[in-house]
>>> print(open('work00.txt').read())   # compact mmCIF, C-alpha atoms
# COMPACT_ATOMS: atom_id res chain seq x y z
CA MET A 1 58.87 -36.70 10.21
CA ASN A 2 61.32 -34.32 8.57
CA LEU A 3 62.53 -32.02 11.34
CA GLU A 4 64.68 -29.98 8.95
CA ASN A 5 61.81 -28.81 6.83
CA LEU A 6 59.79 -26.42 8.99
CA LYS A 7 56.83 -24.48 7.65
CA ALA A 8 53.86 -22.72 9.22
CA THR A 9 50.39 -23.84 8.10
CA ARG A 10 49.47 -20.21 7.28
CA GLN A 11 52.23 -20.22 4.65
CA SER A 12 50.95 -23.46 3.09
CA TYR A 13 47.45 -21.97 3.06
CA GLY A 14 48.58 -18.84 1.22
CA GLU A 15 50.55 -20.83 -1.34
CA LYS A 16 47.75 -23.30 -2.06
CA LEU A 17 45.12 -20.57 -2.29
CA ALA A 18 47.14 -18.75 -4.94
CA GLU A 19 47.56 -22.02 -6.83
CA LEU A 20 43.83 -22.85 -6.70
CA GLY A 21 42.96 -19.32 -7.79
CA GLU A 22 44.59 -20.09 -11.13
CA GLU A 23 42.15 -22.84 -12.09
CA ASN A 24 39.10 -21.73 -10.12
CA LYS A 25 37.98 -18.24 -11.08
CA ASP A 26 35.15 -18.28 -8.52
CA ILE A 27 37.62 -18.05 -5.65
CA VAL A 28 37.67 -14.58 -4.08
CA VAL A 29 39.73 -13.67 -1.03
CA LEU A 30 39.04 -11.18 1.73
CA ASP A 31 41.34 -10.02 4.50
CA ALA A 32 41.18 -7.50 7.31
CA ASP A 33 44.49 -5.68 7.09
CA LEU A 34 46.55 -8.78 7.90
CA SER A 35 47.20 -10.23 4.44
CA GLY A 36 50.95 -10.23 5.01
CA ALA A 37 50.56 -12.33 8.15
CA THR A 38 47.75 -14.63 7.00
CA LYS A 39 49.58 -15.08 3.67
CA THR A 40 46.55 -14.17 1.54
CA SER A 41 48.98 -11.57 0.15
CA ILE A 42 50.30 -14.26 -2.21
CA PHE A 43 46.84 -14.54 -3.81
CA ALA A 44 46.38 -10.75 -3.70
CA LYS A 45 49.55 -10.20 -5.69
CA LYS A 46 48.54 -12.72 -8.33
CA PHE A 47 44.84 -11.85 -8.58
CA PRO A 48 44.35 -8.28 -7.34
CA GLU A 49 40.90 -8.06 -8.97
CA ARG A 50 39.66 -10.98 -6.83
CA PHE A 51 41.19 -9.83 -3.56
CA PHE A 52 39.43 -7.43 -1.20
CA ASP A 53 41.14 -5.80 1.70
CA MET A 54 38.29 -4.86 4.02
CA GLY A 55 40.44 -2.88 6.43
CA ILE A 56 40.22 -3.59 10.15
CA SER A 57 36.52 -4.43 9.82
CA GLU A 58 36.10 -8.13 10.51
CA GLN A 59 32.33 -7.96 10.92
CA ASP A 60 31.87 -6.36 7.53
CA MET A 61 34.39 -8.80 6.05
CA MET A 62 32.25 -11.79 7.13
CA SER A 63 29.02 -10.21 5.89
CA THR A 64 30.64 -9.25 2.58
CA ALA A 65 31.95 -12.81 2.19
CA ALA A 66 28.41 -14.05 2.80
CA GLY A 67 27.06 -11.67 0.13
CA LEU A 68 29.73 -12.73 -2.40
CA SER A 69 28.84 -16.41 -1.87
CA THR A 70 25.18 -15.73 -2.75
CA PHE A 71 26.44 -14.79 -6.23
CA GLY A 72 28.24 -18.12 -6.66
CA LYS A 73 31.67 -16.99 -5.53
CA ILE A 74 33.81 -19.10 -3.18
CA PRO A 75 34.98 -16.54 -0.63
CA PHE A 76 37.96 -17.22 1.62
CA ALA A 77 37.96 -14.76 4.53
CA SER A 78 41.13 -14.51 6.59
CA SER A 79 42.34 -12.73 9.67
CA PHE A 80 43.85 -13.76 13.00
CA ALA A 81 41.67 -16.36 14.74
CA MET A 82 41.14 -13.93 17.61
CA PHE A 83 39.55 -11.29 15.41
CA ALA A 84 37.87 -13.55 12.83
CA CYS A 85 35.94 -15.48 15.49
CA GLY A 86 36.01 -13.08 18.40
CA ARG A 87 34.93 -9.86 16.72
CA ALA A 88 32.71 -11.34 14.04
CA TYR A 89 30.96 -14.24 15.81
CA ASP A 90 27.49 -12.80 15.23
CA GLN A 91 28.12 -12.28 11.51
CA ILE A 92 29.57 -15.79 11.17
CA ARG A 93 26.59 -17.26 12.96
CA ASN A 94 23.72 -15.31 11.41
CA SER A 95 25.09 -14.41 7.97
CA ILE A 96 27.18 -17.52 7.14
CA ALA A 97 26.38 -20.61 9.24
CA TYR A 98 22.61 -20.14 9.69
CA PRO A 99 21.91 -19.44 5.97
CA HIS A 100 24.36 -22.29 5.20
CA LEU A 101 26.55 -20.28 2.83
CA ASN A 102 29.66 -21.45 1.04
CA VAL A 103 32.19 -19.30 2.91
CA LYS A 104 35.62 -20.48 4.05
CA ILE A 105 36.91 -18.77 7.17
CA CYS A 106 40.63 -19.47 7.28
CA ALA A 107 42.03 -17.95 10.45
CA SER A 108 45.70 -17.88 11.29
CA HIS A 109 47.61 -17.15 14.51
CA ALA A 110 45.49 -19.46 16.65
CA GLY A 111 46.60 -20.67 20.07
CA ILE A 112 49.43 -19.76 22.42
CA THR A 113 52.00 -20.46 19.69
CA VAL A 114 51.26 -16.96 18.34
CA GLY A 115 54.05 -16.22 20.80
CA GLU A 116 55.18 -12.71 21.66
CA ASP A 117 51.89 -10.94 20.79
CA GLY A 118 50.57 -12.36 24.04
CA ALA A 119 47.23 -13.30 25.54
CA SER A 120 45.14 -10.63 23.76
CA HIS A 121 46.07 -12.20 20.42
CA GLN A 122 46.21 -15.86 21.46
CA MET A 123 42.85 -17.34 20.51
CA LEU A 124 42.06 -20.31 22.74
CA GLU A 125 38.29 -20.54 22.31
CA ASP A 126 37.78 -20.58 18.53
CA ILE A 127 37.29 -24.34 18.08
CA GLY A 128 34.55 -24.21 20.71
CA MET A 129 32.84 -21.17 19.21
CA MET A 130 32.85 -22.58 15.68
CA ARG A 131 32.03 -26.15 16.73
CA GLY A 132 28.86 -24.95 18.37
CA LEU A 133 27.50 -23.56 15.12
CA ALA A 134 25.16 -25.87 13.21
CA ASN A 135 26.25 -26.41 9.56
CA MET A 136 29.84 -25.34 10.28
CA TYR A 137 32.81 -27.61 9.48
CA VAL A 138 35.80 -27.15 11.80
CA MET A 139 39.32 -28.11 10.75
CA CYS A 140 42.84 -27.63 12.10
CA THR A 141 45.82 -28.92 10.16
CA SER A 142 49.28 -29.86 11.31
CA ASP A 143 51.75 -29.68 8.43
CA ASP A 144 52.39 -28.26 4.98
CA LEU A 145 50.87 -30.99 2.82
CA GLU A 146 47.90 -31.63 5.07
CA THR A 147 47.04 -27.93 4.98
CA LYS A 148 47.22 -27.89 1.19
CA TRP A 149 45.01 -30.99 0.96
CA ALA A 150 42.55 -29.37 3.33
CA VAL A 151 42.41 -26.10 1.39
CA GLU A 152 41.77 -28.00 -1.81
CA ALA A 153 39.16 -30.26 -0.19
CA ILE A 154 37.16 -27.41 1.39
CA THR A 155 37.07 -25.60 -1.95
CA LYS A 156 35.22 -28.60 -3.38
CA ILE A 157 32.47 -28.83 -0.75
CA LYS A 158 29.64 -26.30 -0.74
CA GLU A 159 29.66 -25.77 3.02
CA PRO A 160 30.72 -23.13 5.53
CA VAL A 161 34.14 -24.10 6.90
CA TYR A 162 36.37 -22.83 9.67
CA LEU A 163 40.03 -23.73 9.08
CA ARG A 164 42.36 -23.02 12.00
CA LEU A 165 45.90 -22.11 10.97
CA CYS A 166 49.02 -21.32 12.93
CA ARG A 167 51.99 -19.03 12.94
CA TYR A 168 54.34 -21.58 14.54
CA ALA A 169 56.28 -23.60 11.98
CA THR A 170 55.84 -27.36 12.09
CA PRO A 171 57.93 -30.18 10.54
CA GLN A 172 56.84 -32.14 7.49
CA ILE A 173 54.78 -35.09 8.75
CA TYR A 174 53.21 -36.49 5.62
CA ASP A 175 54.31 -37.49 2.15
CA GLU A 176 52.33 -37.60 -1.06
CA ASN A 177 51.12 -41.16 -0.37
CA GLN A 178 49.04 -40.12 2.63
CA LYS A 179 45.27 -40.34 2.12
CA PHE A 180 43.31 -37.25 3.18
CA GLU A 181 39.59 -37.06 3.69
CA ILE A 182 37.53 -34.43 5.53
CA GLY A 183 36.07 -35.98 8.68
CA LYS A 184 38.56 -38.87 8.83
CA GLY A 185 41.33 -38.77 11.43
CA VAL A 186 44.80 -40.02 10.52
CA GLN A 187 46.03 -42.87 12.70
CA ILE A 188 49.80 -42.97 13.04
CA GLY A 189 51.06 -46.25 14.52
CA GLU A 190 49.28 -49.28 15.92
CA GLY A 191 50.42 -49.11 19.57
CA THR A 192 47.94 -50.25 22.18
CA ASP A 193 49.40 -48.70 25.35
CA ALA A 194 47.75 -45.34 24.67
CA THR A 195 46.13 -43.17 21.99
CA VAL A 196 47.11 -39.53 21.75
CA PHE A 197 44.52 -37.54 19.83
CA ALA A 198 46.12 -34.32 18.63
CA THR A 199 45.29 -31.44 16.30
CA GLY A 200 47.34 -28.69 14.69
CA VAL A 201 50.78 -27.62 15.91
CA VAL A 202 50.98 -30.23 18.67
CA VAL A 203 50.69 -33.23 16.32
CA PRO A 204 54.49 -33.28 15.79
CA GLU A 205 54.95 -33.21 19.59
CA ALA A 206 52.73 -36.29 19.87
CA ILE A 207 54.72 -38.07 17.14
CA LYS A 208 58.00 -37.19 18.88
CA ALA A 209 56.58 -38.63 22.12
CA LYS A 210 55.53 -41.80 20.30
CA GLU A 211 59.03 -42.29 18.87
CA GLU A 212 60.71 -41.68 22.23
CA LEU A 213 58.34 -44.02 24.10
CA GLU A 214 58.97 -46.76 21.53
CA LYS A 215 62.64 -46.77 22.59
CA GLN A 216 61.45 -47.35 26.14
CA GLY A 217 59.20 -50.25 25.12
CA ILE A 218 55.95 -48.32 25.37
CA ASN A 219 53.86 -48.42 22.21
CA ILE A 220 51.34 -45.69 21.60
CA ARG A 221 49.48 -44.44 18.55
CA VAL A 222 48.82 -40.87 17.49
CA VAL A 223 45.61 -39.76 15.85
CA ASP A 224 45.81 -36.52 13.90
CA MET A 225 42.32 -35.06 14.17
CA HIS A 226 42.49 -32.52 11.36
CA THR A 227 38.70 -32.40 11.28
CA ILE A 228 37.10 -31.55 14.60
CA LYS A 229 33.61 -31.30 13.12
CA PRO A 230 32.25 -33.60 11.84
CA ILE A 231 34.49 -35.67 14.11
CA ASP A 232 35.61 -39.21 13.27
CA GLU A 233 33.42 -41.08 15.76
CA GLU A 234 34.31 -44.48 14.38
CA LEU A 235 38.05 -43.96 14.87
CA ILE A 236 37.60 -42.59 18.40
CA VAL A 237 35.57 -45.62 19.48
CA LYS A 238 38.01 -47.99 17.75
CA CYS A 239 40.97 -46.46 19.61
CA ALA A 240 39.05 -46.47 22.89
CA LYS A 241 38.46 -50.20 22.46
CA GLU A 242 41.99 -51.04 21.33
CA THR A 243 44.19 -48.93 23.64
CA LYS A 244 44.64 -48.76 27.41
CA LYS A 245 44.75 -44.99 27.81
CA LEU A 246 43.22 -42.05 25.94
CA ILE A 247 44.81 -38.60 25.84
CA SER A 248 43.89 -35.49 23.86
CA ILE A 249 46.21 -32.56 23.25
CA GLU A 250 45.57 -29.19 21.63
CA ASP A 251 46.89 -25.63 21.53
CA HIS A 252 43.42 -24.48 22.65
CA SER A 253 41.39 -24.34 25.83
CA VAL A 254 40.52 -27.75 27.28
CA ILE A 255 36.99 -26.36 27.47
CA ASN A 256 35.06 -26.91 24.21
CA GLY A 257 38.04 -27.93 22.10
CA LEU A 258 39.22 -31.21 20.57
CA GLY A 259 39.19 -32.97 23.96
CA THR A 260 35.59 -31.98 24.58
CA ALA A 261 34.59 -33.09 21.09
CA ILE A 262 36.16 -36.50 21.72
CA SER A 263 34.60 -36.84 25.18
CA ASP A 264 31.21 -35.97 23.65
CA VAL A 265 31.59 -39.06 21.47
CA LEU A 266 32.92 -41.28 24.27
CA THR A 267 30.16 -40.30 26.68
CA GLU A 268 27.51 -41.58 24.28
CA LYS A 269 29.27 -44.38 22.43
CA TYR A 270 31.92 -45.89 24.71
CA PRO A 271 32.19 -44.32 28.19
CA CYS A 272 35.79 -44.25 29.43
CA LYS A 273 38.42 -41.89 30.80
CA LEU A 274 40.07 -39.24 28.61
CA ILE A 275 42.98 -37.10 29.82
CA LYS A 276 42.73 -33.64 28.27
CA MET A 277 45.96 -31.72 27.67
CA GLY A 278 45.62 -28.10 26.59
CA ILE A 279 45.21 -24.65 28.10
CA LYS A 280 43.48 -25.16 31.41
CA ASP A 281 40.86 -22.43 31.81
CA ARG A 282 43.22 -19.50 31.70
CA TYR A 283 44.67 -16.98 29.21
CA GLY A 284 47.96 -17.21 27.38
CA LYS A 285 51.23 -15.38 27.97
CA SER A 286 53.76 -13.46 25.94
CA GLY A 287 56.95 -15.28 24.98
CA PRO A 288 58.65 -17.32 22.27
CA ALA A 289 56.26 -20.04 21.06
CA LYS A 290 58.68 -22.84 21.90
CA GLU A 291 59.00 -21.70 25.51
CA LEU A 292 55.25 -21.25 25.80
CA LEU A 293 54.67 -24.85 24.69
CA LYS A 294 56.91 -25.90 27.58
CA TYR A 295 55.25 -23.48 30.03
CA PHE A 296 51.78 -24.77 29.18
CA LYS A 297 52.94 -28.41 29.19
CA LEU A 298 52.23 -29.15 25.54
CA THR A 299 55.54 -30.73 24.51
CA ALA A 300 56.57 -34.31 23.70
CA GLU A 301 58.11 -34.56 27.19
CA ASP A 302 54.79 -33.61 28.78
CA ILE A 303 52.97 -36.23 26.71
CA ILE A 304 55.52 -38.86 27.73
CA ASP A 305 54.97 -37.91 31.37
CA VAL A 306 51.19 -38.23 31.04
CA VAL A 307 51.42 -41.57 29.20
CA LYS A 308 53.68 -42.99 31.91
CA ASN A 309 52.33 -41.38 35.06
CA SER A 310 48.61 -40.58 34.74
CA MET B 1 26.13 -8.69 -3.22
CA ALA B 2 26.78 -5.26 -4.69
CA LEU B 3 30.49 -6.12 -4.78
CA ALA B 4 29.84 -9.49 -6.48
CA SER B 5 27.65 -7.78 -9.05
CA LYS B 6 30.42 -5.28 -9.81
CA LEU B 7 32.89 -8.14 -10.19
CA ASP B 8 30.91 -9.85 -12.93
CA HIS B 9 29.44 -6.65 -14.42
CA GLU B 10 26.01 -8.16 -14.04
CA GLY B 11 24.31 -4.79 -13.72
CA VAL B 12 22.38 -5.82 -10.64
CA ARG B 13 21.24 -2.99 -8.37
CA VAL B 14 21.09 -3.70 -4.65
CA TYR B 15 18.63 -1.93 -2.35
CA CYS B 16 19.17 -2.10 1.39
CA ILE B 17 16.59 -0.87 3.89
CA CYS B 18 17.93 0.18 7.28
CA GLY B 19 16.12 1.28 10.38
CA ASP B 20 17.45 4.42 12.01
CA GLY B 21 18.01 2.77 15.40
CA GLU B 22 20.22 0.10 13.84
CA LEU B 23 22.58 2.80 12.58
CA GLU B 24 23.91 2.73 16.15
CA GLU B 25 25.60 -0.60 15.26
CA GLY B 26 29.26 -0.20 14.33
CA GLN B 27 29.03 -2.72 11.51
CA VAL B 28 26.71 -0.42 9.54
CA TRP B 29 29.52 2.11 9.31
CA GLU B 30 32.08 -0.57 8.45
CA ALA B 31 29.79 -1.49 5.55
CA ALA B 32 29.31 2.17 4.63
CA MET B 33 33.09 2.57 4.38
CA THR B 34 33.32 -0.53 2.19
CA ALA B 35 30.52 0.66 -0.11
CA SER B 36 32.23 3.94 -0.87
CA HIS B 37 35.77 2.50 -0.90
CA TYR B 38 34.76 0.00 -3.58
CA LYS B 39 32.68 2.67 -5.41
CA LEU B 40 29.48 0.64 -5.22
CA ASP B 41 27.20 2.94 -7.23
CA ASN B 42 24.88 -0.03 -7.69
CA LEU B 43 24.00 0.16 -3.99
CA CYS B 44 21.11 2.26 -2.71
CA VAL B 45 20.55 2.43 1.04
CA VAL B 46 17.15 3.58 2.30
CA VAL B 47 17.01 4.76 5.90
CA ASP B 48 13.55 4.48 7.46
CA ASN B 49 14.00 7.49 9.70
CA ASN B 50 11.03 7.40 12.08
CA ASN B 51 13.18 8.31 15.08
CA LEU B 52 11.82 5.47 17.20
CA GLN B 53 13.52 2.37 18.54
CA ILE B 54 12.59 -0.16 21.21
CA ASP B 55 13.69 1.92 24.17
CA GLY B 56 12.19 5.17 22.86
CA GLN B 57 13.22 8.09 20.65
CA VAL B 58 16.42 7.45 18.71
CA ASP B 59 17.93 10.86 19.54
CA GLN B 60 17.36 10.21 23.23
CA VAL B 61 18.48 6.55 23.33
CA MET B 62 21.66 7.22 21.31
CA ASN B 63 21.89 10.26 19.10
CA ILE B 64 22.71 9.26 15.52
CA TYR B 65 22.28 12.72 13.96
CA PRO B 66 23.18 14.49 11.75
CA LEU B 67 22.48 11.56 9.42
CA ASP B 68 22.90 13.28 6.06
CA LYS B 69 26.29 14.70 7.07
CA LYS B 70 27.40 11.30 8.38
CA PHE B 71 26.53 9.50 5.12
CA LYS B 72 28.04 12.33 3.05
CA SER B 73 31.30 12.16 4.97
CA PHE B 74 31.31 8.39 4.43
CA GLY B 75 31.29 9.07 0.68
CA PHE B 76 27.59 8.65 -0.12
CA GLU B 77 25.32 10.69 -2.35
CA VAL B 78 22.55 11.69 0.06
CA ILE B 79 18.91 12.35 -0.85
CA ASN B 80 16.52 13.58 1.86
CA ILE B 81 12.85 12.82 1.25
CA ASP B 82 9.44 12.58 2.89
CA GLY B 83 9.09 8.79 3.14
CA HIS B 84 5.31 9.00 2.79
CA ASN B 85 5.36 10.91 -0.51
CA MET B 86 5.35 8.44 -3.41
CA ASN B 87 6.51 11.02 -5.98
CA GLN B 88 9.54 11.87 -3.86
CA ILE B 89 10.32 8.16 -3.38
CA ILE B 90 10.21 7.44 -7.14
CA ASN B 91 12.26 10.53 -7.97
CA ALA B 92 14.87 9.55 -5.38
CA PHE B 93 15.22 6.01 -6.77
CA ASN B 94 15.52 7.39 -10.31
CA LYS B 95 18.16 9.87 -9.22
CA ALA B 96 20.11 7.16 -7.37
CA LYS B 97 20.36 5.18 -10.62
CA THR B 98 22.21 8.08 -12.27
CA VAL B 99 24.83 8.49 -9.52
CA LYS B 100 28.27 7.28 -10.64
CA GLY B 101 31.25 6.19 -8.56
CA LYS B 102 29.59 6.20 -5.16
CA PRO B 103 26.67 4.64 -3.32
CA THR B 104 23.47 6.51 -2.53
CA ALA B 105 21.67 6.92 0.79
CA ILE B 106 18.02 7.97 0.72
CA ILE B 107 17.05 9.28 4.12
CA ALA B 108 13.30 8.88 4.27
CA LYS B 109 11.65 10.82 7.06
CA THR B 110 8.71 8.69 8.23
CA ILE B 111 6.15 8.42 10.98
CA LYS B 112 5.94 5.01 12.59
CA GLY B 113 2.39 3.63 12.37
CA LYS B 114 1.30 6.40 10.02
CA GLY B 115 -2.41 6.44 9.25
CA VAL B 116 -3.47 4.62 12.39
CA SER B 117 -4.27 7.16 15.09
CA PHE B 118 -3.42 4.98 18.09
CA MET B 119 -0.18 3.68 16.54
CA GLU B 120 1.40 6.86 15.18
CA ASN B 121 4.69 7.70 16.85
CA VAL B 122 4.26 5.12 19.62
CA ALA B 123 7.46 3.13 20.21
CA ASP B 124 5.47 0.41 21.95
CA TRP B 125 4.25 -0.79 18.51
CA HIS B 126 7.84 -1.60 17.40
CA GLY B 127 7.51 -5.34 17.83
CA LYS B 128 3.92 -6.02 18.72
CA ALA B 129 0.98 -7.35 16.71
CA PRO B 130 -2.47 -5.79 17.14
CA ASN B 131 -5.26 -7.88 18.63
CA GLU B 132 -8.39 -8.45 16.57
CA LYS B 133 -10.19 -5.35 17.83
CA GLU B 134 -7.14 -3.13 17.25
CA TYR B 135 -6.61 -4.72 13.84
CA ASN B 136 -10.17 -3.99 12.68
CA LEU B 137 -9.95 -0.42 13.94
CA ALA B 138 -6.58 0.11 12.18
CA ILE B 139 -7.83 -1.29 8.86
CA LYS B 140 -10.89 0.94 9.04
CA GLU B 141 -8.69 4.02 9.53
CA LEU B 142 -6.31 3.01 6.74
CA GLN B 143 -9.20 2.50 4.28
CA LYS B 144 -10.49 6.04 4.84
>>> encode(input="work00.txt", output="structure tokens")
Amino acid sequence: MNLENLKATRQSYGEKLAELGEENKDIVVLDADLSGATKTSIFAKKFPERFFDMGISEQDMMSTAAGLSTFGKIPFASSFAMFACGRAYDQIRNSIAYPHLNVKICASHAGITVGEDGASHQMLEDIGMMRGLANMYVMCTSDDLETKWAVEAITKIKEPVYLRLCRYATPQIYDENQKFEIGKGVQIGEGTDATVFATGVVVPEAIKAKEELEKQGINIRVVDMHTIKPIDEELIVKCAKETKKLISIEDHSVINGLGTAISDVLTEKYPCKLIKMGIKDRYGKSGPAKELLKYFKLTAEDIIDVVKNS
Amino acid sequence: MALASKLDHEGVRVYCICGDGELEEGQVWEAAMTASHYKLDNLCVVVDNNNLQIDGQVDQVMNIYPLDKKFKSFGFEVINIDGHNMNQIINAFNKAKTVKGKPTAIIAKTIKGKGVSFMENVADWHGKAPNEKEYNLAIKELQK
């Protein structure tokens, strides 16, 4: 993990989108007055004729994206996760997911790591809302390269996708040799003392915890669950069989998020205990993202504590 | 769809039929803003203005009027017609095709259940199917 090289997944998204727009003329991009923050502005600058600012009208943005896809376009619709999912849930459900349209909803500023904007802007329920929709793919990436691989991969599948992006900058986890496949979790390490399933901005925290625990003679593995739906059932069951303790961690509510998705698999395929770390049925708080991670017990130190003491 | 058609210059015209009650939804006006902002002159909205919705008369449930002024101020060309007069309907569609640089809204004044004496202007028939006896009676009246 390269701790020097920090980058937010929203930035990687914006860069990759602009790159893909070069070769794929069907890509069109919509935003709801937040293109500077979601980084769709990079595409907008390069391809103004294929970028549509819909104003602060998320519902119409989703319906327009749906309409564009019926003409063979590949629409990417971006806003903050709070507004994309929260304000436009009905349009996503009835105009995109139900008719099974090829729309990519790439929402940034998810989770408490939004920081200072506070609880009203910290989306903690989006994974649950999107996971519940039949046909919908749900993804959440953790570093620069993984985000770029994901953006490229979702462009190639003709499916509705929700990609959860973050404002908080994360270190570089992967190099070019890493294999990426939608629906396949990435196992980091072979430790058998515990498995930490993580998604998004907390993946680096889990890796830090793994490295620290190694020094203390405790060997864990980390599973980066970049795809939450369809979830990697095989890998979950394998880790449940091979490791003594199972932990999930996410910058999202513990209700209906990654932890719930994993426990759904365990309940049916391999019943055992799962400790869910995340936001525990409450709203966020305003503050610097780093301090909020500590406040909500989502840091490497918190993971170490859970591995050793729960 | 209208936007996609503009993008590829496909010359497709898009017709969208709206109820009057549904104009109470905020998204309709978001879409209306978009249509005029992006100069979608290939879009023709038809409002079925029968003034009835599930809970009763539209102006009593939630007043949406004046409709023509609302659409005009949202940048639409507005055509008011009698929605039961075929000549007026055809003329309105033909006129809409000639409008440049903005979308058109045809506000068609209608009577819900027109032609069937026991259905005319009765909100109760909004989402209900007639039974066999009512059906036969209705068909008889419509064939007159």
>>> closest_residue(input="work00.txt", among="B:Glu10, B:Asn136, B:Thr34, B:Cys16", to="chain A", atoms="all atoms listed in the file")
B:Thr34
>>> closest_residue(input="work00.txt", among="B:Ala96, B:Val46, B:Ala31, B:Leu137", to="Ala2 in chain B", atoms="only C-alpha atoms")
B:Ala31
>>> atom_distance(input="work00.txt", atom1="CA of Leu23 in chain B", atom2="CA of Phe51 in chain A")
27.7 Å
>>> interface_residues(input="work00.txt", of="chain A", to="chain B", cutoff="12 Å", atoms="only C-alpha atoms", output="JSON, numbers by chain")
{"A": [25, 26, 27, 28, 30, 32, 48, 49, 50, 51, 52, 53, 54, 55, 56, 57, 58, 59, 60, 61, 62, 63, 64, 65, 66, 67, 68, 69, 70, 71, 72, 73, 74, 75, 87, 88, 90, 91]}
>>> write_last_selection(input="work00.txt", atoms="C-alpha atoms", output="short mmCIF file (atom, residue, chain, number, x, y, z; two decimals), in the coordinates of the input")
data_model
loop_
_atom_site.label_atom_id
_atom_site.label_comp_id
_atom_site.auth_asym_id
_atom_site.auth_seq_id
_atom_site.Cartn_x
_atom_site.Cartn_y
_atom_site.Cartn_z
CA LYS A 25 37.98 -18.24 -11.08
CA ASP A 26 35.15 -18.28 -8.52
CA ILE A 27 37.62 -18.05 -5.65
CA VAL A 28 37.67 -14.58 -4.08
CA LEU A 30 39.04 -11.18 1.73
CA ALA A 32 41.18 -7.50 7.31
CA PRO A 48 44.35 -8.28 -7.34
CA GLU A 49 40.90 -8.06 -8.97
CA ARG A 50 39.66 -10.98 -6.83
CA PHE A 51 41.19 -9.83 -3.56
CA PHE A 52 39.43 -7.43 -1.20
CA ASP A 53 41.14 -5.80 1.70
CA MET A 54 38.29 -4.86 4.02
CA GLY A 55 40.44 -2.88 6.43
CA ILE A 56 40.22 -3.59 10.15
CA SER A 57 36.52 -4.43 9.82
CA GLU A 58 36.10 -8.13 10.51
CA GLN A 59 32.33 -7.96 10.92
CA ASP A 60 31.87 -6.36 7.53
CA MET A 61 34.39 -8.80 6.05
CA MET A 62 32.25 -11.79 7.13
CA SER A 63 29.02 -10.21 5.89
CA THR A 64 30.64 -9.25 2.58
CA ALA A 65 31.95 -12.81 2.19
CA ALA A 66 28.41 -14.05 2.80
CA GLY A 67 27.06 -11.67 0.13
CA LEU A 68 29.73 -12.73 -2.40
CA SER A 69 28.84 -16.41 -1.87
CA THR A 70 25.18 -15.73 -2.75
CA PHE A 71 26.44 -14.79 -6.23
CA GLY A 72 28.24 -18.12 -6.66
CA LYS A 73 31.67 -16.99 -5.53
CA ILE A 74 33.81 -19.10 -3.18
CA PRO A 75 34.98 -16.54 -0.63
CA ARG A 87 34.93 -9.86 16.72
CA ALA A 88 32.71 -11.34 14.04
CA ASP A 90 27.49 -12.80 15.23
CA GLN A 91 28.12 -12.28 11.51
#
>>> atom_distance(input="work00.txt", atom1="CA of Phe83 in chain A", atom2="CA of Ser120 in chain A")
10.1 Å
>>> residues_near_point(input="work00.txt", point="(27.7, 4.6, -1.9)", cutoff="6 Å", atoms="all atoms listed in the file", output="PyMOL selection string")
chain B and resi 35-36+40-41+76+102-104
>>> write_last_selection(input="work00.txt", atoms="C-alpha atoms", output="PDB file, in the frame of the given file")
ATOM      1  CA  ALA B  35      30.520   0.660  -0.110  1.00  0.00           C
ATOM      2  CA  SER B  36      32.230   3.940  -0.870  1.00  0.00           C
ATOM      3  CA  LEU B  40      29.480   0.640  -5.220  1.00  0.00           C
ATOM      4  CA  ASP B  41      27.200   2.940  -7.230  1.00  0.00           C
ATOM      5  CA  PHE B  76      27.590   8.650  -0.120  1.00  0.00           C
ATOM      6  CA  LYS B 102      29.590   6.200  -5.160  1.00  0.00           C
ATOM      7  CA  PRO B 103      26.670   4.640  -3.320  1.00  0.00           C
ATOM      8  CA  THR B 104      23.470   6.510  -2.530  1.00  0.00           C
TER       9      THR B 104
END
>>> closest_residue(input="work00.txt", among="A:Ala8, A:Ile96, A:Ile279, A:Cys106", to="Thr40 in chain A", atoms="all atoms listed in the file")
A:Cys106
>>> residues_around(input="work00.txt", residues="range 297-302 of chain A", least_positions_apart="6", cutoff="8 Å", atoms="all atoms listed in the file", output="PDB file with C-alpha atoms, keeping the file's coordinate frame")
ATOM      1  CA  VAL A 202      50.980 -30.230  18.670  1.00  0.00           C
ATOM      2  CA  GLU A 205      54.950 -33.210  19.590  1.00  0.00           C
ATOM      3  CA  ALA A 206      52.730 -36.290  19.870  1.00  0.00           C
ATOM      4  CA  ILE A 207      54.720 -38.070  17.140  1.00  0.00           C
ATOM      5  CA  LYS A 208      58.000 -37.190  18.880  1.00  0.00           C
ATOM      6  CA  ALA A 209      56.580 -38.630  22.120  1.00  0.00           C
ATOM      7  CA  ILE A 249      46.210 -32.560  23.250  1.00  0.00           C
ATOM      8  CA  GLU A 250      45.570 -29.190  21.630  1.00  0.00           C
ATOM      9  CA  ASP A 251      46.890 -25.630  21.530  1.00  0.00           C
ATOM     10  CA  MET A 277      45.960 -31.720  27.670  1.00  0.00           C
ATOM     11  CA  GLY A 278      45.620 -28.100  26.590  1.00  0.00           C
TER      12      GLY A 278
END
>>> residues_around(input="work00.txt", residues="range 20-24 of chain A", least_positions_apart="4", cutoff="9 Å", atoms="only C-alpha atoms", output="list in words")
Glu15, Lys16, Val28, Phe43, Lys46, Phe47, Val151, Glu152 and Thr155 of chain A
>>> residues_around(input="work00.txt", residues="Phe71 in chain B", least_positions_apart="6", cutoff="8 Å", atoms="all atoms listed in the file", output="list in words")
Ala32, Glu77, Val78 and Ala105 of chain B
>>> residues_around(input="work00.txt", residues="range 62-66 of chain B", least_positions_apart="5", cutoff="12 Å", atoms="all atoms listed in the file", output="ChimeraX atom specification")
/B:19-26,29,49,51-57,71-73,80,107
